[in-house]
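What's in work06.csv: CSV, C-alpha atoms
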chain,number,residue,atom,x,y,z
A,1,MET,CA,117.5,97.1,76.9
A,2,SER,CA,118.1,100.1,74.6
A,3,ALA,CA,121.0,101.8,72.9
A,4,THR,CA,121.0,105.5,71.9
A,5,LEU,CA,122.9,106.1,68.7
A,6,ARG,CA,123.7,109.5,67.2
A,7,GLY,CA,120.7,110.4,65.1
A,8,SER,CA,118.4,107.5,66.1
A,9,VAL,CA,116.9,105.8,69.1
A,10,VAL,CA,117.2,102.0,68.9
A,11,MET,CA,114.7,99.8,70.8
A,12,THR,CA,115.6,96.2,71.2
A,13,GLY,CA,114.3,93.2,73.2
A,14,GLU,CA,111.3,93.2,75.4
A,15,GLN,CA,108.5,95.8,75.4
A,16,ARG,CA,109.5,99.1,76.8
A,17,THR,CA,107.6,102.0,78.4
A,18,ILE,CA,107.9,105.5,77.1
A,19,GLY,CA,106.6,108.2,79.4
A,20,VAL,CA,105.5,111.4,77.5
A,21,VAL,CA,105.3,114.5,79.7
A,22,LEU,CA,102.7,117.1,78.7
A,23,GLY,CA,102.8,119.8,81.3
A,24,GLY,CA,102.2,123.5,81.5
A,25,HIS,CA,99.0,125.2,80.6
A,26,LEU,CA,96.2,123.3,78.8
A,27,GLY,CA,96.9,125.1,75.5
A,28,ASP,CA,100.6,124.2,75.7
A,29,SER,CA,99.6,120.5,76.2
A,30,VAL,CA,97.4,120.5,73.2
A,31,VAL,CA,100.2,121.9,71.0
A,32,TYR,CA,102.8,119.6,72.3
A,33,SER,CA,100.4,116.6,72.0
A,34,ALA,CA,101.3,116.7,68.3
A,35,VAL,CA,104.1,114.2,69.2
A,36,LEU,CA,101.7,111.5,70.3
A,37,GLU,CA,100.6,110.3,66.9
A,38,PRO,CA,104.1,110.0,65.4
A,39,LEU,CA,105.3,108.3,68.5
A,40,ARG,CA,102.5,105.7,68.4
A,41,GLU,CA,103.3,105.0,64.8
A,42,ARG,CA,107.0,104.7,65.4
A,43,PHE,CA,106.8,102.7,68.6
A,44,ALA,CA,103.7,100.7,67.9
A,45,ASP,CA,104.8,97.8,70.1
A,46,GLU,CA,105.9,99.9,73.1
A,47,GLU,CA,103.7,101.1,75.9
A,48,ILE,CA,103.2,104.9,75.8
A,49,VAL,CA,102.2,106.5,79.1
A,50,LEU,CA,101.0,110.0,79.2
A,51,ILE,CA,102.2,111.9,82.2
A,52,ALA,CA,100.3,115.2,82.7
A,53,ARG,CA,98.3,117.4,85.1
A,54,PRO,CA,94.7,116.3,85.9
A,55,THR,CA,93.0,118.8,83.5
A,56,THR,CA,95.2,117.6,80.6
A,57,LEU,CA,94.5,114.0,81.5
A,58,GLU,CA,90.8,114.6,81.2
A,59,LEU,CA,91.2,116.0,77.7
A,60,PHE,CA,93.5,113.2,76.5
A,61,ALA,CA,91.8,110.2,78.2
A,62,ALA,CA,90.3,109.0,74.9
A,63,SER,CA,93.5,109.4,72.8
A,64,PRO,CA,94.1,106.3,70.7
A,65,TYR,CA,97.9,107.1,70.8
A,66,ILE,CA,98.5,106.3,74.5
A,67,ASP,CA,98.1,103.1,76.5
A,68,ARG,CA,97.5,104.7,79.9
A,69,ALA,CA,97.8,108.0,81.7
A,70,VAL,CA,99.3,109.0,85.0
A,71,SER,CA,98.8,112.2,87.1
A,72,ALA,CA,102.0,114.2,87.1
A,73,ASP,CA,100.8,116.0,90.3
A,74,GLU,CA,100.4,112.7,92.1
A,75,LEU,CA,103.8,111.6,91.1
A,76,VAL,CA,105.5,114.8,92.1
A,77,LEU,CA,103.6,115.4,95.4
A,78,GLY,CA,103.4,111.7,96.4
A,79,PRO,CA,101.4,111.1,99.6
A,80,TRP,CA,100.7,114.8,99.9
A,81,PHE,CA,98.8,114.9,96.6
A,82,ARG,CA,95.3,114.4,98.1
A,83,LEU,CA,95.8,116.7,101.1
A,84,PRO,CA,94.7,120.3,100.2
A,85,ILE,CA,97.0,121.9,102.8
A,86,PRO,CA,99.2,125.0,102.5
A,87,GLY,CA,102.8,124.1,101.7
A,88,ARG,CA,102.2,120.6,100.4
A,89,GLU,CA,104.8,121.1,97.6
A,90,THR,CA,107.3,122.0,100.3
A,91,PHE,CA,106.4,118.9,102.3
A,92,ALA,CA,106.7,116.8,99.1
A,93,ARG,CA,110.2,118.0,98.4
A,94,MET,CA,111.3,117.6,102.0
A,95,THR,CA,110.0,114.0,102.2
A,96,ARG,CA,110.7,112.9,98.7
A,97,ARG,CA,113.6,110.6,99.6
A,98,LEU,CA,111.2,108.6,101.8
A,99,TRP,CA,108.7,107.8,99.1
A,100,ALA,CA,110.3,108.4,95.7
A,101,PRO,CA,110.5,107.0,93.1
A,102,VAL,CA,107.0,105.7,92.8
A,103,PHE,CA,106.8,105.2,89.1
A,104,GLU,CA,109.2,103.7,86.5
A,105,VAL,CA,109.6,104.1,82.7
A,106,ASP,CA,112.4,103.2,80.3
A,107,THR,CA,112.3,106.5,78.4
A,108,LEU,CA,111.1,109.8,79.8
A,109,LEU,CA,110.3,112.2,77.0
A,110,PHE,CA,109.9,116.0,77.4
A,111,PRO,CA,108.6,117.5,74.1
A,112,PHE,CA,109.1,121.1,75.4
A,113,LEU,CA,111.2,124.1,74.7
A,114,SER,CA,111.3,125.3,78.3
A,115,VAL,CA,111.7,123.7,81.8
A,116,THR,CA,109.2,124.0,84.6
A,117,ARG,CA,109.2,122.9,88.2
A,118,LEU,CA,107.0,120.0,87.1
A,119,HIS,CA,109.8,118.7,84.8
A,120,THR,CA,112.5,118.9,87.4
A,121,GLY,CA,110.2,117.2,89.9
A,122,LEU,CA,109.3,114.4,87.5
A,123,LEU,CA,113.0,113.7,86.9
A,124,GLN,CA,113.5,113.2,90.6
A,125,VAL,CA,110.5,110.9,91.2
A,126,VAL,CA,110.1,108.9,88.0
A,127,LYS,CA,112.7,106.2,87.7
A,128,HIS,CA,114.0,106.2,84.1
A,129,ARG,CA,116.9,104.8,82.1
A,130,GLU,CA,117.1,107.8,79.7
A,131,ALA,CA,115.7,111.3,79.4
A,132,ILE,CA,115.1,112.8,76.0
A,133,GLY,CA,113.9,116.3,75.2
A,134,CYS,CA,114.2,119.5,73.2
A,135,VAL,CA,115.9,121.3,76.0
A,136,GLY,CA,119.5,121.1,77.3
A,137,GLY,CA,120.3,118.2,79.6
A,138,ALA,CA,122.0,120.5,82.0
A,139,TYR,CA,118.7,122.4,82.6
A,140,LEU,CA,116.9,119.2,83.5
A,141,GLY,CA,119.6,117.9,85.8
A,142,VAL,CA,120.7,115.2,83.4
A,143,SER,CA,124.3,114.6,82.6
A,144,PRO,CA,125.1,116.4,79.3
A,145,GLU,CA,126.9,113.2,78.1
A,146,ALA,CA,123.5,111.5,78.1
A,147,TRP,CA,122.1,114.0,75.5
A,148,ASP,CA,122.6,114.3,71.8
A,149,HIS,CA,123.9,117.8,71.1
A,150,ARG,CA,121.3,118.3,68.4
A,151,LEU,CA,118.5,118.1,71.0
A,152,THR,CA,120.1,120.8,73.2
A,153,ARG,CA,118.3,123.9,72.2
A,154,PRO,CA,117.8,127.0,74.4
A,155,TYR,CA,114.4,128.5,74.7
A,156,ARG,CA,114.0,131.5,72.4
A,157,VAL,CA,111.1,132.9,70.3
A,158,ALA,CA,112.5,132.6,66.8
A,159,THR,CA,109.2,133.6,65.2
A,160,ASP,CA,105.6,134.4,66.2
A,161,HIS,CA,104.4,131.7,63.8
A,162,ILE,CA,103.8,128.5,65.9
A,163,ARG,CA,104.4,126.1,63.0
A,164,GLU,CA,107.9,127.6,62.4
A,165,HIS,CA,108.8,127.9,66.1
A,166,ILE,CA,107.6,125.0,68.2
A,167,PHE,CA,106.8,122.5,65.5
A,168,ASP,CA,110.2,122.8,63.8
A,169,HIS,CA,111.9,121.9,67.2
A,170,LEU,CA,109.4,119.0,67.7
A,171,ALA,CA,109.9,117.8,64.2
A,172,GLY,CA,113.7,117.7,64.8
A,173,LEU,CA,113.2,115.7,68.0
A,174,LEU,CA,110.8,113.2,66.4
A,175,ASP,CA,113.2,112.8,63.4
A,176,TRP,CA,116.0,112.0,65.8
A,177,MET,CA,113.8,109.4,67.4
A,178,GLY,CA,113.1,107.8,63.9
A,179,CYS,CA,109.5,109.0,63.5
A,180,SER,CA,108.4,109.6,59.9
A,181,VAL,CA,105.3,111.6,60.4
A,182,ASP,CA,105.7,115.3,59.6
A,183,ILE,CA,103.9,117.2,62.5
A,184,ARG,CA,104.1,120.6,60.8
A,185,GLY,CA,100.7,119.8,59.3
A,186,ALA,CA,99.3,118.1,62.3
A,187,ALA,CA,95.7,118.6,63.2
A,188,LEU,CA,95.4,119.5,66.9
A,189,ASN,CA,91.8,118.5,67.8
A,190,PRO,CA,91.6,116.1,70.8
A,191,ALA,CA,87.8,116.1,70.4
A,192,ASP,CA,88.3,113.8,67.4
A,193,TRP,CA,89.5,111.1,69.7
A,194,VAL,CA,86.2,110.8,71.5
A,195,PRO,CA,84.4,107.6,70.5
A,196,THR,CA,81.1,108.1,68.6
Rewrite the structure of this file - the entire thing - as structure tokens.
Amino acid sequence: MSATLRGSVVMTGEQRTIGVVLGGHLGDSVVYSAVLEPLRERFADEEIVLIARPTTLELFAASPYIDRAVSADELVLGPWFRLPIPGRETFARMTRRLWAPVFEVDTLLFPFLSVTRLHTGLLQVVKHREAIGCVGGAYLGVSPEAWDHRLTRPYRVATDHIREHIFDHLAGLLDWMGCSVDIRGAALNPADWVPT
């Protein structure tokens, strides 16, 4: 069970599963992966599942901050995932009620400042108790009452400097979740995770 309080996320009872969605282009995934280390530190006893596209999963397979990884494409496309046919995304949407949800987490975390078709698809097929993110709940199809107003931030380019734009938003999200690591100085180098 969990309770969401203003300004903090409270985890109680049995081990929970946190699904962290890294979508978009590979470069975006690397930048937003800065949330993984603080999450691992804050939720050391919880299972952290990375949900991402196959190319991102290959890059993050050796990350010490996740317990397992799941293909976002496979979740969103369901039985149509392995069939390279035209219109498979349309077939997936049309038949989704027959096969979804196929995966379950307690918390579904979107560390993004924009919403893609991948995000909305995952919200439909991943069974979850709560959805948390930097974007407004209305954009993700989640009831606004389920979101803390401080996490509802429209996408805008406040500055060209990535540490002031993206990382400030992510730092606010992590602070709200009770993480103490400051990601503004995070080193983004997945190659460091590869065992020697």
(request) Go ahead and compute the interatomic distance for atom CA of A:Arg129 and atom CA of A:Leu36, in Å to one decimal. (result)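 Distance reported for this atom pair: 20.4 Å.
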Considering all atoms listed in the file, give me a table of residues in stretch 32-51 of chain A that are at most 7 Å from stretch 171-181 of chain A, with the closest atom pair and distance in Å for each, as a tab-separated table.
residue	atom	partner	partner_atom	distance
A:Pro38	CA	A:Val181	CA	5.4
A:Leu39	CA	A:Cys179	CA	6.6
A:Arg42	CA	A:Cys179	CA	5.3
(request) Please provide as a VMD selection string all residues within 10 Å of stretch 121-127 of chain A, with the sequence filter that same-chain residues fewer than 2 positions apart are discarded (counting all atoms listed in the file). (result) chain A and resid 19 21 51 72 to 73 75 to 78 92 to 93 96 to 97 99 to 108 116 to 119 129 to 131 140 to 142
(message) As an exercise, work out the distance from atom CA of A:Gln15 to atom CA of A:His169 in Å and give it to one decimal place.
(response)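 Spanning atom CA of A:Gln15 to atom CA of A:His169 is a straight-line distance of 27.6 Å.
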(request) Tell me, in Å to one decimal, how far atom CA of A:Thr17 is from atom CA of A:Thr95. (result) 26.8 Å
For stretch 67-82 of chain A, supply N, CA, C and O atoms and format the output as a PDB file, in the coordinates of the input.
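rebuild_10.pdb was written with the following content:
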ATOM      1  N   ASP A  67      98.580 104.360  75.874  1.00  0.00           N
ATOM      2  CA  ASP A  67      98.100 103.100  76.500  1.00  0.00           C
ATOM      3  C   ASP A  67      97.491 103.381  77.862  1.00  0.00           C
ATOM      4  O   ASP A  67      96.556 102.710  78.280  1.00  0.00           O
ATOM      5  N   ARG A  68      98.046 104.342  78.575  1.00  0.00           N
ATOM      6  CA  ARG A  68      97.500 104.700  79.900  1.00  0.00           C
ATOM      7  C   ARG A  68      98.003 106.101  80.248  1.00  0.00           C
ATOM      8  O   ARG A  68      98.907 106.638  79.607  1.00  0.00           O
ATOM      9  N   ALA A  69      97.398 106.664  81.280  1.00  0.00           N
ATOM     10  CA  ALA A  69      97.800 108.000  81.700  1.00  0.00           C
ATOM     11  C   ALA A  69      97.995 108.027  83.212  1.00  0.00           C
ATOM     12  O   ALA A  69      97.350 107.297  83.964  1.00  0.00           O
ATOM     13  N   VAL A  70      98.929 108.882  83.629  1.00  0.00           N
ATOM     14  CA  VAL A  70      99.300 109.000  85.000  1.00  0.00           C
ATOM     15  C   VAL A  70      99.348 110.466  85.414  1.00  0.00           C
ATOM     16  O   VAL A  70      99.833 111.298  84.638  1.00  0.00           O
ATOM     17  N   SER A  71      98.863 110.784  86.587  1.00  0.00           N
ATOM     18  CA  SER A  71      98.800 112.200  87.100  1.00  0.00           C
ATOM     19  C   SER A  71     100.250 112.627  87.458  1.00  0.00           C
ATOM     20  O   SER A  71     100.875 112.057  88.352  1.00  0.00           O
ATOM     21  N   ALA A  72     100.731 113.674  86.792  1.00  0.00           N
ATOM     22  CA  ALA A  72     102.000 114.200  87.100  1.00  0.00           C
ATOM     23  C   ALA A  72     102.022 114.820  88.541  1.00  0.00           C
ATOM     24  O   ALA A  72     103.003 114.715  89.278  1.00  0.00           O
ATOM     25  N   ASP A  73     100.912 115.445  88.905  1.00  0.00           N
ATOM     26  CA  ASP A  73     100.800 116.000  90.300  1.00  0.00           C
ATOM     27  C   ASP A  73     100.939 114.956  91.324  1.00  0.00           C
ATOM     28  O   ASP A  73     101.608 115.144  92.342  1.00  0.00           O
ATOM     29  N   GLU A  74     100.294 113.826  91.095  1.00  0.00           N
ATOM     30  CA  GLU A  74     100.400 112.700  92.100  1.00  0.00           C
ATOM     31  C   GLU A  74     101.772 112.185  92.189  1.00  0.00           C
ATOM     32  O   GLU A  74     102.237 111.857  93.288  1.00  0.00           O
ATOM     33  N   LEU A  75     102.469 112.096  91.049  1.00  0.00           N
ATOM     34  CA  LEU A  75     103.800 111.600  91.100  1.00  0.00           C
ATOM     35  C   LEU A  75     104.765 112.559  91.822  1.00  0.00           C
ATOM     36  O   LEU A  75     105.596 112.145  92.626  1.00  0.00           O
ATOM     37  N   VAL A  76     104.621 113.855  91.548  1.00  0.00           N
ATOM     38  CA  VAL A  76     105.500 114.800  92.100  1.00  0.00           C
ATOM     39  C   VAL A  76     105.229 115.091  93.608  1.00  0.00           C
ATOM     40  O   VAL A  76     106.144 115.275  94.412  1.00  0.00           O
ATOM     41  N   LEU A  77     103.945 115.069  93.979  1.00  0.00           N
ATOM     42  CA  LEU A  77     103.600 115.400  95.400  1.00  0.00           C
ATOM     43  C   LEU A  77     103.469 114.126  96.248  1.00  0.00           C
ATOM     44  O   LEU A  77     103.392 114.239  97.472  1.00  0.00           O
ATOM     45  N   GLY A  78     103.443 112.947  95.640  1.00  0.00           N
ATOM     46  CA  GLY A  78     103.400 111.700  96.400  1.00  0.00           C
ATOM     47  C   GLY A  78     102.254 111.643  97.390  1.00  0.00           C
ATOM     48  O   GLY A  78     101.120 111.958  97.034  1.00  0.00           O
ATOM     49  N   PRO A  79     102.504 111.259  98.637  1.00  0.00           N
ATOM     50  CA  PRO A  79     101.400 111.100  99.600  1.00  0.00           C
ATOM     51  C   PRO A  79     100.717 112.408  99.975  1.00  0.00           C
ATOM     52  O   PRO A  79      99.655 112.382 100.589  1.00  0.00           O
ATOM     53  N   TRP A  80     101.304 113.547  99.601  1.00  0.00           N
ATOM     54  CA  TRP A  80     100.700 114.800  99.900  1.00  0.00           C
ATOM     55  C   TRP A  80      99.712 115.283  98.850  1.00  0.00           C
ATOM     56  O   TRP A  80      99.050 116.308  99.007  1.00  0.00           O
ATOM     57  N   PHE A  81      99.595 114.516  97.775  1.00  0.00           N
ATOM     58  CA  PHE A  81      98.800 114.900  96.600  1.00  0.00           C
ATOM     59  C   PHE A  81      97.311 115.175  97.012  1.00  0.00           C
ATOM     60  O   PHE A  81      96.712 116.157  96.596  1.00  0.00           O
ATOM     61  N   ARG A  82      96.732 114.304  97.804  1.00  0.00           N
ATOM     62  CA  ARG A  82      95.300 114.400  98.100  1.00  0.00           C
ATOM     63  C   ARG A  82      94.981 115.264  99.330  1.00  0.00           C
ATOM     64  O   ARG A  82      93.827 115.376  99.717  1.00  0.00           O
TER      65      ARG A  82
END
